[in-house]
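To be precise, the following lines are run-v5.tsv, and they hold TSV, C-alpha atoms.
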```tsv
chain	number	residue	atom	x	y	z
Y	1	MET	CA	0.00	0.00	0.00
Y	2	ALA	CA	1.10	3.60	-0.66
Y	3	GLN	CA	2.87	5.47	2.13
Y	4	LYS	CA	1.58	8.90	1.05
Y	5	MET	CA	-1.91	10.21	0.36
Y	6	ARG	CA	-3.74	13.36	-0.62
Y	7	ALA	CA	-5.64	15.25	2.09
Y	8	VAL	CA	-7.56	18.53	2.34
Y	9	ARG	CA	-5.80	20.43	5.12
Y	10	LEU	CA	-6.75	23.70	6.79
Y	11	PHE	CA	-3.67	25.76	7.69
Y	12	ALA	CA	-5.55	28.90	8.79
Y	13	PRO	CA	-9.00	30.35	8.11
Y	14	LYS	CA	-9.41	30.51	4.29
Y	15	ASP	CA	-6.05	28.77	3.80
Y	16	ILE	CA	-7.21	25.37	2.61
Y	17	ARG	CA	-5.07	23.15	0.40
Y	18	CYS	CA	-4.92	19.64	-0.96
Y	19	VAL	CA	-1.48	18.39	0.08
Y	20	GLU	CA	0.45	15.14	0.27
Y	21	VAL	CA	0.79	13.66	3.77
Y	22	ASP	CA	1.66	10.32	5.33
Y	23	VAL	CA	-1.06	7.68	5.34
Y	24	PRO	CA	-2.25	7.43	8.99
Y	25	GLN	CA	-1.30	4.30	10.92
Y	26	ILE	CA	-3.32	2.20	13.36
Y	27	GLU	CA	-1.97	3.03	16.81
Y	28	LYS	CA	-4.48	1.22	19.03
Y	29	ASP	CA	-5.80	-2.33	18.74
Y	30	THR	CA	-9.37	-0.96	18.73
Y	31	GLN	CA	-8.87	1.11	15.56
Y	32	VAL	CA	-9.43	0.48	11.86
Y	33	LEU	CA	-7.93	2.03	8.73
Y	34	ILE	CA	-10.54	3.16	6.20
Y	35	LYS	CA	-10.17	3.99	2.54
Y	36	VAL	CA	-12.53	6.97	2.19
Y	37	LYS	CA	-15.01	6.70	-0.67
Y	38	SER	CA	-17.24	9.73	-0.06
Y	39	CYS	CA	-17.02	12.72	2.29
Y	40	GLY	CA	-19.76	15.33	2.48
Y	41	VAL	CA	-19.40	18.99	3.38
Y	42	CYS	CA	-21.46	19.86	6.47
Y	43	GLY	CA	-22.94	23.34	6.79
Y	44	SER	CA	-20.72	23.79	9.85
Y	45	ASP	CA	-17.62	23.11	7.73
Y	46	ILE	CA	-18.07	26.32	5.75
Y	47	PRO	CA	-17.60	28.81	8.65
Y	48	ARG	CA	-15.06	26.42	10.18
Y	49	VAL	CA	-12.90	26.61	7.06
Y	50	MET	CA	-13.57	30.18	5.99
Y	51	VAL	CA	-13.97	32.08	9.29
Y	52	LYS	CA	-13.40	30.32	12.60
Y	53	GLY	CA	-10.70	27.74	11.99
Y	54	THR	CA	-10.22	24.46	13.85
Y	55	TYR	CA	-8.70	23.58	17.21
Y	56	HIS	CA	-5.18	23.24	15.82
Y	57	PHE	CA	-3.43	23.76	12.51
Y	58	PRO	CA	-3.06	22.13	10.14
Y	59	THR	CA	-6.17	19.93	10.34
Y	60	THR	CA	-7.61	17.53	7.80
Y	61	ILE	CA	-11.30	18.46	7.72
Y	62	GLY	CA	-14.43	16.41	6.98
Y	63	HIS	CA	-16.72	14.41	9.25
Y	64	GLU	CA	-19.57	13.10	7.06
Y	65	PHE	CA	-18.06	10.05	5.42
Y	66	ALA	CA	-18.19	6.43	4.40
Y	67	GLY	CA	-15.55	4.05	3.15
Y	68	GLN	CA	-14.08	0.56	3.19
Y	69	ILE	CA	-12.01	-0.99	5.97
Y	70	ILE	CA	-8.58	-2.06	4.71
Y	71	ALA	CA	-6.86	-2.89	8.03
Y	72	CYS	CA	-8.01	-3.73	11.57
Y	73	GLY	CA	-6.48	-3.59	15.03
Y	74	ASP	CA	-6.18	-6.88	16.92
Y	75	LYS	CA	-9.29	-6.35	19.10
Y	76	VAL	CA	-11.55	-5.44	16.20
Y	77	LYS	CA	-11.83	-8.63	14.22
Y	78	ASN	CA	-14.86	-10.08	15.99
Y	79	GLN	CA	-16.91	-6.96	15.14
Y	80	LEU	CA	-15.52	-5.73	11.84
Y	81	ASP	CA	-13.25	-7.09	9.16
Y	82	VAL	CA	-11.21	-6.01	6.18
Y	83	GLY	CA	-13.52	-5.31	3.26
Y	84	ASP	CA	-16.47	-4.13	5.36
Y	85	ARG	CA	-18.20	-1.01	4.07
Y	86	VAL	CA	-18.89	1.44	6.88
Y	87	SER	CA	-20.18	4.84	7.88
Y	88	VAL	CA	-18.50	6.53	10.84
Y	89	MET	CA	-19.95	8.56	13.73
Y	90	PRO	CA	-17.58	11.57	14.02
Y	91	LEU	CA	-18.00	12.26	17.74
Y	92	ILE	CA	-15.65	10.35	20.05
Y	93	PRO	CA	-17.03	10.44	23.62
Y	94	CYS	CA	-14.81	10.18	26.68
Y	95	GLY	CA	-16.95	7.41	28.22
Y	96	GLU	CA	-16.25	8.74	31.71
Y	97	CYS	CA	-18.24	11.95	32.24
Y	98	GLN	CA	-21.71	12.01	33.81
Y	99	TYR	CA	-23.43	12.31	30.42
Y	100	CYS	CA	-21.58	9.36	28.89
Y	101	LYS	CA	-22.43	7.25	31.94
Y	102	VAL	CA	-26.17	7.79	31.46
Y	103	GLY	CA	-26.15	7.12	27.71
Y	104	GLN	CA	-26.01	10.73	26.52
Y	105	SER	CA	-22.58	10.60	24.95
Y	106	HIS	CA	-23.53	13.27	22.38
Y	107	LEU	CA	-23.46	15.68	25.37
Y	108	CYS	CA	-20.00	14.49	26.48
Y	109	ASP	CA	-18.02	17.11	28.40
Y	110	THR	CA	-14.66	16.26	26.81
Y	111	TYR	CA	-15.46	14.72	23.43
Y	112	ASP	CA	-13.11	14.50	20.48
Y	113	TYR	CA	-14.29	14.96	16.90
Y	114	TYR	CA	-13.04	13.91	13.48
Y	115	GLY	CA	-12.52	16.86	11.16
Y	116	SER	CA	-12.18	19.62	13.76
Y	117	ARG	CA	-10.49	18.42	16.94
Y	118	ARG	CA	-8.55	15.66	15.18
Y	119	ASP	CA	-7.88	14.88	11.53
Y	120	GLY	CA	-10.96	14.06	9.50
Y	121	ALA	CA	-11.94	12.26	6.33
Y	122	MET	CA	-11.48	14.68	3.44
Y	123	ALA	CA	-8.57	12.49	2.44
Y	124	GLU	CA	-7.81	9.15	0.86
Y	125	TYR	CA	-7.51	7.34	4.21
Y	126	ILE	CA	-8.46	7.82	7.85
Y	127	VAL	CA	-7.92	5.82	11.06
Y	128	VAL	CA	-11.00	5.69	13.31
Y	129	GLU	CA	-12.21	3.97	16.46
Y	130	SER	CA	-14.02	0.75	15.59
Y	131	GLU	CA	-16.85	1.57	18.04
Y	132	ASN	CA	-17.75	4.53	15.83
Y	133	CYS	CA	-18.25	2.36	12.73
Y	134	LEU	CA	-21.58	1.05	11.44
Y	135	LYS	CA	-21.73	-1.40	8.55
Y	136	LEU	CA	-23.62	-0.18	5.50
Y	137	PRO	CA	-26.60	-2.36	4.61
Y	138	SER	CA	-26.39	-4.11	1.28
Y	139	GLY	CA	-27.81	-1.79	-1.36
Y	140	VAL	CA	-26.71	1.39	0.44
Y	141	ASP	CA	-23.82	2.86	-1.55
Y	142	TYR	CA	-20.94	4.94	-0.23
Y	143	GLU	CA	-22.52	8.26	-1.20
Y	144	GLU	CA	-25.69	7.37	0.68
Y	145	GLY	CA	-23.56	6.09	3.56
Y	146	SER	CA	-21.85	9.47	3.86
Y	147	PHE	CA	-25.29	10.95	4.56
Y	148	THR	CA	-25.74	8.89	7.75
Y	149	ASP	CA	-24.56	11.78	9.92
Y	150	PRO	CA	-26.98	14.44	8.58
Y	151	VAL	CA	-29.85	11.93	8.40
Y	152	SER	CA	-29.32	11.00	12.05
Y	153	VAL	CA	-29.03	14.69	13.03
Y	154	GLY	CA	-32.44	15.33	11.48
Y	155	LEU	CA	-33.89	12.32	13.29
Y	156	HIS	CA	-32.40	13.49	16.59
Y	157	ALA	CA	-34.17	16.84	16.20
Y	158	VAL	CA	-37.54	15.29	15.31
Y	159	ARG	CA	-37.31	12.86	18.23
Y	160	LYS	CA	-37.14	15.80	20.63
Y	161	THR	CA	-40.83	16.41	19.93
Y	162	LYS	CA	-43.98	14.53	20.88
Y	163	ILE	CA	-44.66	13.68	17.26
Y	164	GLU	CA	-47.94	11.88	16.59
Y	165	ALA	CA	-49.99	10.91	13.57
Y	166	GLY	CA	-51.84	13.91	12.21
Y	167	LYS	CA	-49.70	16.68	13.71
Y	168	SER	CA	-48.54	19.66	11.65
Y	169	ALA	CA	-44.99	20.95	11.33
Y	170	ALA	CA	-42.84	23.64	9.73
Y	171	VAL	CA	-39.18	23.30	8.80
Y	172	PHE	CA	-37.15	26.49	8.49
Y	173	GLY	CA	-34.11	26.20	6.21
Y	174	LEU	CA	-33.62	23.77	3.35
Y	175	GLY	CA	-30.04	22.77	3.61
Y	176	ALA	CA	-29.44	19.03	3.47
Y	177	ILE	CA	-30.65	18.52	7.05
Y	178	GLY	CA	-33.76	20.61	6.40
Y	179	PHE	CA	-34.72	18.38	3.46
Y	180	ILE	CA	-34.00	15.34	5.59
Y	181	THR	CA	-36.13	16.68	8.44
Y	182	VAL	CA	-39.07	17.19	6.07
Y	183	GLN	CA	-38.86	13.50	5.18
Y	184	TRP	CA	-38.59	12.36	8.81
Y	185	LEU	CA	-41.64	14.40	9.80
Y	186	LYS	CA	-43.70	12.86	7.00
Y	187	SER	CA	-42.44	9.33	7.71
Y	188	LEU	CA	-43.18	9.60	11.43
Y	189	GLY	CA	-46.74	10.86	11.14
Y	190	CYS	CA	-47.11	14.56	10.32
Y	191	THR	CA	-49.80	15.09	7.71
Y	192	THR	CA	-48.95	18.76	7.18
Y	193	VAL	CA	-45.30	19.71	6.66
Y	194	ILE	CA	-44.55	23.28	5.57
Y	195	ALA	CA	-41.07	24.00	4.21
Y	196	VAL	CA	-39.67	27.53	4.55
Y	197	ASP	CA	-36.71	28.80	2.52
Y	198	VAL	CA	-35.73	31.68	0.22
Y	199	SER	CA	-35.17	29.52	-2.88
Y	200	ASP	CA	-38.09	28.49	-5.06
Y	201	ASP	CA	-36.03	25.64	-6.52
Y	202	LYS	CA	-35.43	24.23	-3.04
Y	203	LEU	CA	-39.09	24.61	-2.14
Y	204	ARG	CA	-40.05	22.64	-5.25
Y	205	LEU	CA	-37.64	19.86	-4.23
Y	206	ALA	CA	-39.05	19.87	-0.70
Y	207	LYS	CA	-42.51	19.19	-2.14
Y	208	ARG	CA	-41.10	16.29	-4.17
Y	209	LEU	CA	-39.69	14.91	-0.92
Y	210	GLY	CA	-42.93	15.15	1.03
Y	211	ALA	CA	-43.61	18.75	2.06
Y	212	THR	CA	-47.28	19.63	1.69
Y	213	ALA	CA	-46.55	23.34	1.14
Y	214	GLY	CA	-43.62	25.68	0.61
Y	215	VAL	CA	-43.19	29.26	1.79
Y	216	ASN	CA	-40.60	31.62	0.31
Y	217	GLY	CA	-39.56	33.73	3.28
Y	218	LYS	CA	-37.98	36.32	1.00
Y	219	ASP	CA	-41.26	37.02	-0.79
Y	220	LEU	CA	-43.77	36.42	2.00
Y	221	ASP	CA	-44.21	36.95	5.71
Y	222	ALA	CA	-43.39	33.35	6.69
Y	223	VAL	CA	-45.31	33.42	9.97
Y	224	LYS	CA	-48.42	34.89	8.37
Y	225	ALA	CA	-48.25	32.35	5.53
Y	226	ILE	CA	-47.94	29.43	7.97
Y	227	LYS	CA	-50.89	30.69	9.98
Y	228	GLU	CA	-52.97	30.97	6.80
Y	229	LEU	CA	-52.04	27.40	5.83
Y	230	THR	CA	-53.13	26.11	9.24
Y	231	GLY	CA	-56.47	27.83	9.62
Y	232	GLY	CA	-55.01	30.66	11.69
Y	233	GLU	CA	-53.64	28.42	14.44
Y	234	GLY	CA	-50.03	27.74	13.54
Y	235	VAL	CA	-48.17	24.44	13.57
Y	236	ASP	CA	-47.73	21.86	16.33
Y	237	ILE	CA	-43.99	21.58	15.64
Y	238	ALA	CA	-41.49	24.11	14.27
Y	239	ILE	CA	-37.94	22.97	13.56
Y	240	GLU	CA	-35.25	25.54	12.81
Y	241	PHE	CA	-32.29	24.47	10.68
Y	242	ALA	CA	-31.54	27.72	8.85
Y	243	GLY	CA	-29.31	29.09	11.61
Y	244	SER	CA	-30.69	32.60	11.05
Y	245	LYS	CA	-31.52	35.13	13.73
Y	246	TYR	CA	-34.75	35.83	11.83
Y	247	THR	CA	-35.96	32.23	11.54
Y	248	HIS	CA	-35.12	31.61	15.20
Y	249	VAL	CA	-37.84	34.13	16.01
Y	250	GLN	CA	-40.22	33.01	13.26
Y	251	ALA	CA	-40.12	29.41	14.47
Y	252	VAL	CA	-41.60	30.43	17.81
Y	253	ALA	CA	-44.10	32.83	16.26
Y	254	SER	CA	-45.40	30.16	13.88
Y	255	CYS	CA	-46.41	27.69	16.62
Y	256	LYS	CA	-49.89	27.09	17.95
Y	257	LYS	CA	-50.61	26.85	21.67
Y	258	ASN	CA	-48.94	23.85	23.31
Y	259	GLY	CA	-46.62	23.73	20.32
Y	260	GLU	CA	-42.97	22.70	20.27
Y	261	VAL	CA	-39.94	24.45	18.81
Y	262	VAL	CA	-36.66	22.67	18.06
Y	263	TYR	CA	-33.48	24.64	17.46
Y	264	GLY	CA	-30.91	22.70	15.45
Y	265	GLY	CA	-29.48	25.42	13.22
Y	266	ILE	CA	-26.35	27.18	14.44
Y	267	THR	CA	-26.50	30.97	14.41
Y	268	TYR	CA	-23.46	33.14	15.03
Y	269	ASP	CA	-25.55	36.27	15.67
Y	270	ASP	CA	-27.31	37.44	18.80
Y	271	VAL	CA	-31.04	36.75	18.58
Y	272	THR	CA	-33.58	39.28	19.86
Y	273	PHE	CA	-37.10	38.07	20.63
Y	274	PRO	CA	-39.86	40.72	20.51
Y	275	ASN	CA	-42.05	40.95	23.58
Y	276	SER	CA	-45.01	39.58	21.60
Y	277	VAL	CA	-43.07	36.43	20.75
Y	278	ILE	CA	-41.97	35.94	24.36
Y	279	ALA	CA	-45.60	36.37	25.37
Y	280	SER	CA	-46.61	33.62	22.94
Y	281	ILE	CA	-44.15	31.25	24.68
Y	282	LEU	CA	-45.70	32.06	28.06
Y	283	ARG	CA	-49.35	32.30	27.14
Y	284	GLY	CA	-49.21	29.49	24.62
Y	285	GLU	CA	-47.18	27.27	26.97
Y	286	LEU	CA	-44.73	26.43	24.21
Y	287	THR	CA	-41.92	23.92	24.70
Y	288	ILE	CA	-38.47	24.89	23.42
Y	289	HIS	CA	-35.90	22.18	22.65
Y	290	GLY	CA	-32.25	22.38	21.75
Y	291	SER	CA	-30.97	19.64	19.44
Y	292	TRP	CA	-27.29	18.85	19.13
Y	293	ASN	CA	-25.70	16.18	16.98
Y	294	SER	CA	-27.09	12.62	17.19
Y	295	SER	CA	-26.62	9.41	19.12
Y	296	ILE	CA	-25.34	5.88	18.49
Y	297	ASN	CA	-26.31	4.71	21.98
Y	298	PRO	CA	-28.40	1.54	21.66
Y	299	LEU	CA	-31.45	2.59	23.70
Y	300	PRO	CA	-34.15	3.54	23.10
Y	301	ILE	CA	-32.92	3.49	19.48
Y	302	ASN	CA	-29.57	3.86	17.77
Y	303	GLU	CA	-30.25	6.90	15.58
Y	304	TRP	CA	-27.47	5.97	13.18
Y	305	LYS	CA	-28.85	2.48	12.62
Y	306	SER	CA	-32.33	3.93	12.11
Y	307	ALA	CA	-30.92	6.43	9.62
Y	308	LEU	CA	-29.24	3.68	7.61
Y	309	GLU	CA	-32.35	1.50	7.72
Y	310	PHE	CA	-34.55	4.29	6.36
Y	311	ILE	CA	-32.03	5.00	3.59
Y	312	HIS	CA	-31.92	1.25	2.85
Y	313	THR	CA	-35.69	0.91	2.58
Y	314	GLY	CA	-36.05	4.04	0.45
Y	315	GLN	CA	-38.10	5.90	3.05
Y	316	MET	CA	-35.27	8.46	3.22
Y	317	ASN	CA	-34.22	9.75	-0.21
Y	318	VAL	CA	-30.86	11.52	-0.15
Y	319	ASP	CA	-29.75	11.21	-3.78
Y	320	PRO	CA	-31.63	14.36	-4.96
Y	321	LEU	CA	-29.71	16.39	-2.36
Y	322	ILE	CA	-26.33	15.82	-4.05
Y	323	THR	CA	-25.56	18.87	-6.17
Y	324	HIS	CA	-21.77	18.59	-6.55
Y	325	ARG	CA	-19.23	15.75	-6.71
Y	326	VAL	CA	-15.71	17.13	-6.56
Y	327	ARG	CA	-12.04	16.16	-6.31
Y	328	LEU	CA	-9.86	16.78	-3.27
Y	329	GLU	CA	-7.77	19.08	-5.45
Y	330	ASP	CA	-10.81	21.34	-5.99
Y	331	CYS	CA	-11.08	22.23	-2.28
Y	332	LYS	CA	-10.17	25.93	-2.43
Y	333	GLU	CA	-12.49	26.73	-5.34
Y	334	VAL	CA	-15.32	24.69	-3.85
Y	335	PHE	CA	-15.16	26.32	-0.41
Y	336	ASP	CA	-14.94	29.77	-2.03
Y	337	MET	CA	-18.07	28.91	-4.03
Y	338	MET	CA	-20.00	27.74	-0.97
Y	339	PHE	CA	-18.92	30.65	1.23
Y	340	ASN	CA	-19.73	33.28	-1.40
Y	341	ARG	CA	-22.80	31.37	-2.66
Y	342	THR	CA	-21.84	31.83	-6.30
Y	343	GLU	CA	-23.73	28.61	-7.15
Y	344	VAL	CA	-26.82	26.94	-5.73
Y	345	PHE	CA	-25.77	23.89	-3.72
Y	346	THR	CA	-27.21	21.51	-1.17
Y	347	LYS	CA	-24.79	18.64	-0.53
Y	348	VAL	CA	-21.25	18.75	-1.89
Y	349	LEU	CA	-19.44	15.42	-1.85
Y	350	PHE	CA	-15.68	15.10	-2.04
Y	351	LYS	CA	-14.73	11.89	-3.84
Y	352	PRO	CA	-11.09	10.96	-3.09
Y	353	GLU	CA	-10.95	8.47	-5.96
Y	354	MET	CA	-11.85	11.09	-8.57
```

I need this file expressed as structure tokens, please.
Amino acid sequence: MAQKMRAVRLFAPKDIRCVEVDVPQIEKDTQVLIKVKSCGVCGSDIPRVMVKGTYHFPTTIGHEFAGQIIACGDKVKNQLDVGDRVSVMPLIPCGECQYCKVGQSHLCDTYDYYGSRRDGAMAEYIVVESENCLKLPSGVDYEEGSFTDPVSVGLHAVRKTKIEAGKSAAVFGLGAIGFITVQWLKSLGCTTVIAVDVSDDKLRLAKRLGATAGVNGKDLDAVKAIKELTGGEGVDIAIEFAGSKYTHVQAVASCKKNGEVVYGGITYDDVTFPNSVIASILRGELTIHGSWNSSINPLPINEWKSALEFIHTGQMNVDPLITHRVRLEDCKEVFDMMFNRTEVFTKVLFKPEM
């Protein structure tokens, strides 16, 4: 096997390059070496690369990925083997803090993370902990496998709510996770799902994927439109994945009494809530949830396994979300495009074998 590989490395904010580095080596008997087949760009990667930076430099970025195991540590062989196709949970919990001990490892106090705190998968190879690997079902390809992270993040957000057959919902923001959340809401029982975005093309795709209505928040008052679509009441569930200070407020304002709001989108701005919106939380007895990441803990469900199963059965359709397939060498141009929004994109996949 080759001793060198190509990797997309961040040397400073906006200084991203495809460079040649050593192929990583298995250092613990619980690790596996993976040949990366597909690595998606998360919405959080764009400010990480272009504005904020990572925890140390240089860092190989990328945490939404799937690939094939080509070597295993000695303690791995009863669970995984060479040739297995896998998706990888990027969060590495400590296993010792109070949250890990009660099965909430996604809230770990001292977690590690591929692609930001340690080297990630926008490269030809990566070494990962075997406990973070899930085998891809037969019929789920590597591109679909690299969606396991965003699909499970959408499921984690929906599971925060008391979803029941016949409830209504609104999803603010049609990035990849927004489209995924629309599909989860429909699959799990909502009969009305209203998608909110500023792109008519994305709203049309949302309807193809199960949304019952679309609202262009650039052209319309989104809250007023949602109220009109729900007989003046508002929705039972509002899920925010736009990460905008405006949609953070609109999500609350669009809910009916006893409604639930889930915040999953990351905003870097301060958010100001008008008094009338705060009053609607109090008088309407709304429930506000935060949603962070996803979970591979086995109970009550493993969200990653559920994500893969729904992709496998066709109940979760991720293929229409892929807008770009690119080479590792294209990293600078691609991140410039996404940051400056010079093209319409949803999910960009880096393909190391291209």

Please report, as JSON lines, each residue of region 304-349 of chain Y lying at most 10 Å from region 206-221 of chain Y, together with the nearest pair of atoms and the separation in Å rounded to one decimal; use all atoms listed in the file, and order rows by chain and ascending residue number.
```
{"residue": "Y:Gln315", "atom": "CA", "partner": "Y:Leu209", "partner_atom": "CA", "distance": 10.0}
{"residue": "Y:Met316", "atom": "CA", "partner": "Y:Leu209", "partner_atom": "CA", "distance": 8.8}
{"residue": "Y:Asn317", "atom": "CA", "partner": "Y:Leu209", "partner_atom": "CA", "distance": 7.6}
{"residue": "Y:Val318", "atom": "CA", "partner": "Y:Leu209", "partner_atom": "CA", "distance": 9.5}
{"residue": "Y:Pro320", "atom": "CA", "partner": "Y:Leu209", "partner_atom": "CA", "distance": 9.0}
```

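Nearest residue to Ile92 (chain Y) among Y:Lys245, Y:Ile34, Y:Pro137, Y:Ser295 is Y:Ser295, counting all atoms listed in the file.
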
Y:Ala121, Y:Cys42, Y:Cys18, Y:Leu136 ranked by distance to Asp84 (chain Y), top pick (using all atoms listed in the file): Y:Leu136

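Residues within 8 Å of Asp112 (chain Y), counting only C-alpha atoms and excluding same-chain residues fewer than 3 positions away, are Leu91, Ile92, Pro93, Cys94, Arg117 and Arg118 of chain Y.
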
Rounded to one decimal, what separation in Å do you get between CA of His289 (chain Y) and CA of Thr161 (chain Y)? 8.1 Å

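Minimum atom-to-atom distances from Y:Ala66, Y:Ala253, Y:Ile311, Y:Ile126 to Gln31 (chain Y) were compared using all atoms listed in the file, and the lowest value belongs to Y:Ile126.
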
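Using all atoms listed in the file, the shortest contact distance between Met338 (chain Y) and any of Y:Gly43, Y:Gly166, Y:Gly178, Y:Gly265 is found at Y:Gly43.
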